[in-house]
Each structure stands twice: as C-alpha cells, then as structure tokens.
Amino acid sequence: MSVEVEVNENDLAEMVEQVWESYLDPEGVNPLIPTYDENQPSEVHSSVSITGSWTGHIVYASSTLAARRAAAAFLAMEPDEVSEEDLSDVLGELANIVGGNVKAMLPPGALLSLPQVVLAPEATARFPNTSRISGVYGVWDGEPVSISMWQSRGDNHNKEGAE
C-alpha cells in the first residue's frame, strides 16, 4: 500500500537547488530561475521510479540545449564536446540524484529504479495512471528545465507487505 507522500514542493525545490549548486552551477553565476510554468516545452527527459511504500516517478525534463549544458557542467567539459552518451548518462544521473533524495524522505520500504532516459519530444514521455503532485519549473540560461513528481493513482492494488 502506498502512503501519502511526505515530500512537498518546498522540499523538492530545496533538493533541486542543492543539485544545481553542487553539480551544475557551483560558482552561483547561472541559477535555475523559477517560472512556475507546468506546461513549458521539453525535448529530453529522464526519470526514476519509486515503488514500495510510495509509488510514483521523479522526472527531469528540459530542452536539448539545457541538457547539453547540464552534461557539460556536470562533466567539466565544453557543450560541443558532449556526446549523446554523455547527455544520456548525465540526465539519468540527475534524475537518480533527486530521486534518491526523495526516497530518503519516504517511509522505509521505498525502492528506486534505474534511470530511464528519453532523448525525444515530450509526447513520448508519459506516465499513465499518474498525477503530478509537485514540481520545480524554470529556465536555466534562457532554456526550459523542470523536475516533477508524479504519484501513481489507484495503487491500492499494490501487495501489502511487499518490500
């Protein structure tokens, strides 16, 4: 059985800010500027799923340019040096870092999946039977970026006692 999520919008925003400051903007010169626009466009996505005591997904979405810049910052290289494999690896790692922080705030029994990365438009990255419960939406160097939480609906069919 899934519990009510104990991670609120402020918690998620704090996690995202920590990731930004640690990996993508350590000098503090190019922060993620909040737009609060849940419907901003995105071209690439990465996600991790959480199952067990809570069931849902953590999703990173951005423009391809923002993803390339994130990979370059994360790997300490120039954006034009970032390969598609680098892009995929870093997007997966960003979802994994935020997902791990969310999981740490949930009751025992939550399990984190391996990251999934989709280097394609938003229409290809949907999570059926879920509701968006929280999100951080903004622009980074003029490009859209979001990190959102999606909770599975009707997951009372989960096996009780499953670990």
# chains A, B, ... in the order shown; residues from 1 in each chain; ligands from 1
call {"tool": "residues_around", "arguments": {"residues": "Leu119 of chain A", "least_positions_apart": "5", "cutoff": "7 Å", "atoms": "only C-alpha atoms", "output": "ChimeraX atom specification"}}
result
/A:43-45
call {"tool": "write_last_selection", "arguments": {"atoms": "N, CA and C atoms", "output": "PDB file, in the first residue's frame"}}
result
ATOM      1  N   GLU A  43      12.236  18.716 -24.523  1.00  0.00           N
ATOM      2  CA  GLU A  43      12.660  17.867 -25.640  1.00  0.00           C
ATOM      3  C   GLU A  43      13.325  16.574 -25.178  1.00  0.00           C
ATOM      4  N   VAL A  44      13.875  16.573 -23.976  1.00  0.00           N
ATOM      5  CA  VAL A  44      14.531  15.384 -23.443  1.00  0.00           C
ATOM      6  C   VAL A  44      14.050  15.147 -22.016  1.00  0.00           C
ATOM      7  N   HIS A  45      14.064  13.881 -21.590  1.00  0.00           N
ATOM      8  CA  HIS A  45      13.507  13.516 -20.285  1.00  0.00           C
ATOM      9  C   HIS A  45      14.312  12.395 -19.671  1.00  0.00           C
TER      10      HIS A  45
END
call {"tool": "residues_around", "arguments": {"residues": "Pro144 of chain A", "least_positions_apart": "3", "cutoff": "8 Å", "atoms": "only C-alpha atoms", "output": "list in words"}}
result
Gln40, Pro41, Ser42, Ser62, Ser63, Ala66, Tyr137, Gly138, Val139 and Trp140 of chain A
call {"tool": "write_last_selection", "arguments": {"atoms": "C-alpha atoms", "output": "mmCIF file, in the first residue's frame"}}
result
data_model
loop_
_atom_site.group_PDB
_atom_site.id
_atom_site.type_symbol
_atom_site.label_atom_id
_atom_site.label_comp_id
_atom_site.auth_asym_id
_atom_site.auth_seq_id
_atom_site.Cartn_x
_atom_site.Cartn_y
_atom_site.Cartn_z
ATOM 1 C CA GLN A 40 6.744 24.633 -20.506
ATOM 2 C CA PRO A 41 8.141 22.747 -23.516
ATOM 3 C CA SER A 42 10.688 19.967 -23.194
ATOM 4 C CA SER A 62 14.419 20.178 -20.468
ATOM 5 C CA SER A 63 15.338 21.490 -23.872
ATOM 6 C CA ALA A 66 19.784 22.877 -21.455
ATOM 7 C CA TYR A 137 9.735 24.674 -13.267
ATOM 8 C CA GLY A 138 12.174 27.237 -14.523
ATOM 9 C CA VAL A 139 14.647 28.488 -17.073
ATOM 10 C CA TRP A 140 18.376 27.997 -16.978
#
call {"tool": "closest_residue", "arguments": {"among": "A:Ala95, A:Ile133, A:Val145, A:Ala110", "to": "Met15 of chain A", "atoms": "only C-alpha atoms"}}
result
A:Ala95
call {"tool": "select_by_dssp", "arguments": {"residues": "segment 64-111 of chain A", "states": "helix (DSSP H, G or I)", "output": "ChimeraX atom specification"}}
result
/A:64-75,79-81,84-104
call {"tool": "closest_residue", "arguments": {"among": "A:Pro128, A:Glu78, A:Ala73, A:Gln116", "to": "Ser22 of chain A", "atoms": "only C-alpha atoms"}}
result
A:Ala73
call {"tool": "residues_around", "arguments": {"residues": "segment 25-39 of chain A", "least_positions_apart": "5", "cutoff": "12 Å", "atoms": "only C-alpha atoms", "output": "VMD selection string"}}
result
chain A and resid 9 13 to 14 16 to 20 61 to 62 66 69 to 74 76 122 132 to 149
call {"tool": "atom_distance", "arguments": {"atom1": "atom CA of Glu21 of chain A", "atom2": "atom CA of Val102 of chain A"}}
result
17.5 Å
call {"tool": "atom_distance", "arguments": {"atom1": "atom CA of Leu24 of chain A", "atom2": "atom CA of Trp54 of chain A"}}
result
28.7 Å
call {"tool": "residues_around", "arguments": {"residues": "Leu91 of chain A", "least_positions_apart": "4", "cutoff": "7 Å", "atoms": "only C-alpha atoms", "output": "ChimeraX atom specification"}}
result
/A:46,87,95,117
call {"tool": "residues_around", "arguments": {"residues": "Pro108 of chain A", "least_positions_apart": "5", "cutoff": "10 Å", "atoms": "only C-alpha atoms", "output": "PyMOL selection string"}}
result
chain A and resi 52-54+103+163
call {"tool": "atom_distance", "arguments": {"atom1": "atom CA of Glu93 of chain A", "atom2": "atom CA of Ala120 of chain A"}}
result
17.6 Å
call {"tool": "select_by_dssp", "arguments": {"residues": "segment 70-156 of chain A", "states": "strand (DSSP E or B)", "output": "MDAnalysis selection string"}}
result
chainID A and resid 111:112 116:118 130:140 143:152
call {"tool": "write_last_selection", "arguments": {"atoms": "C-alpha atoms", "output": "PDB file, in the first residue's frame"}}
result
ATOM      1  CA  LEU A 111      12.809   1.228  -3.783  1.00  0.00           C
ATOM      2  CA  LEU A 112      14.418   3.326  -6.541  1.00  0.00           C
ATOM      3  CA  GLN A 116      15.278   5.854 -17.883  1.00  0.00           C
ATOM      4  CA  VAL A 117      16.290   8.481 -20.448  1.00  0.00           C
ATOM      5  CA  VAL A 118      14.275   9.571 -23.479  1.00  0.00           C
ATOM      6  CA  THR A 130      -0.366   9.112 -12.548  1.00  0.00           C
ATOM      7  CA  SER A 131      -0.968  12.613 -11.215  1.00  0.00           C
ATOM      8  CA  ARG A 132       1.633  15.346 -10.996  1.00  0.00           C
ATOM      9  CA  ILE A 133       1.890  16.218  -7.297  1.00  0.00           C
ATOM     10  CA  SER A 134       4.844  18.592  -7.234  1.00  0.00           C
ATOM     11  CA  GLY A 135       7.325  20.279  -9.491  1.00  0.00           C
ATOM     12  CA  VAL A 136      10.050  22.839  -9.953  1.00  0.00           C
ATOM     13  CA  TYR A 137       9.735  24.674 -13.267  1.00  0.00           C
ATOM     14  CA  GLY A 138      12.174  27.237 -14.523  1.00  0.00           C
ATOM     15  CA  VAL A 139      14.647  28.488 -17.073  1.00  0.00           C
ATOM     16  CA  TRP A 140      18.376  27.997 -16.978  1.00  0.00           C
ATOM     17  CA  GLU A 143      16.245  27.330 -21.622  1.00  0.00           C
ATOM     18  CA  PRO A 144      13.331  25.421 -20.006  1.00  0.00           C
ATOM     19  CA  VAL A 145      14.071  22.897 -17.238  1.00  0.00           C
ATOM     20  CA  SER A 146      11.694  21.067 -14.895  1.00  0.00           C
ATOM     21  CA  ILE A 147      11.860  18.427 -12.203  1.00  0.00           C
ATOM     22  CA  SER A 148       8.494  16.967 -11.258  1.00  0.00           C
ATOM     23  CA  MET A 149       6.995  14.261  -9.042  1.00  0.00           C
ATOM     24  CA  TRP A 150       4.199  12.032 -10.302  1.00  0.00           C
ATOM     25  CA  GLN A 151       2.231   9.730  -7.994  1.00  0.00           C
ATOM     26  CA  SER A 152       0.537   6.600  -9.259  1.00  0.00           C
TER      27      SER A 152
END
call {"tool": "closest_residue", "arguments": {"among": "A:Asn101, A:Asn96, A:Ser88, A:Ser83", "to": "Val7 of chain A", "atoms": "only C-alpha atoms"}}
result
A:Asn101
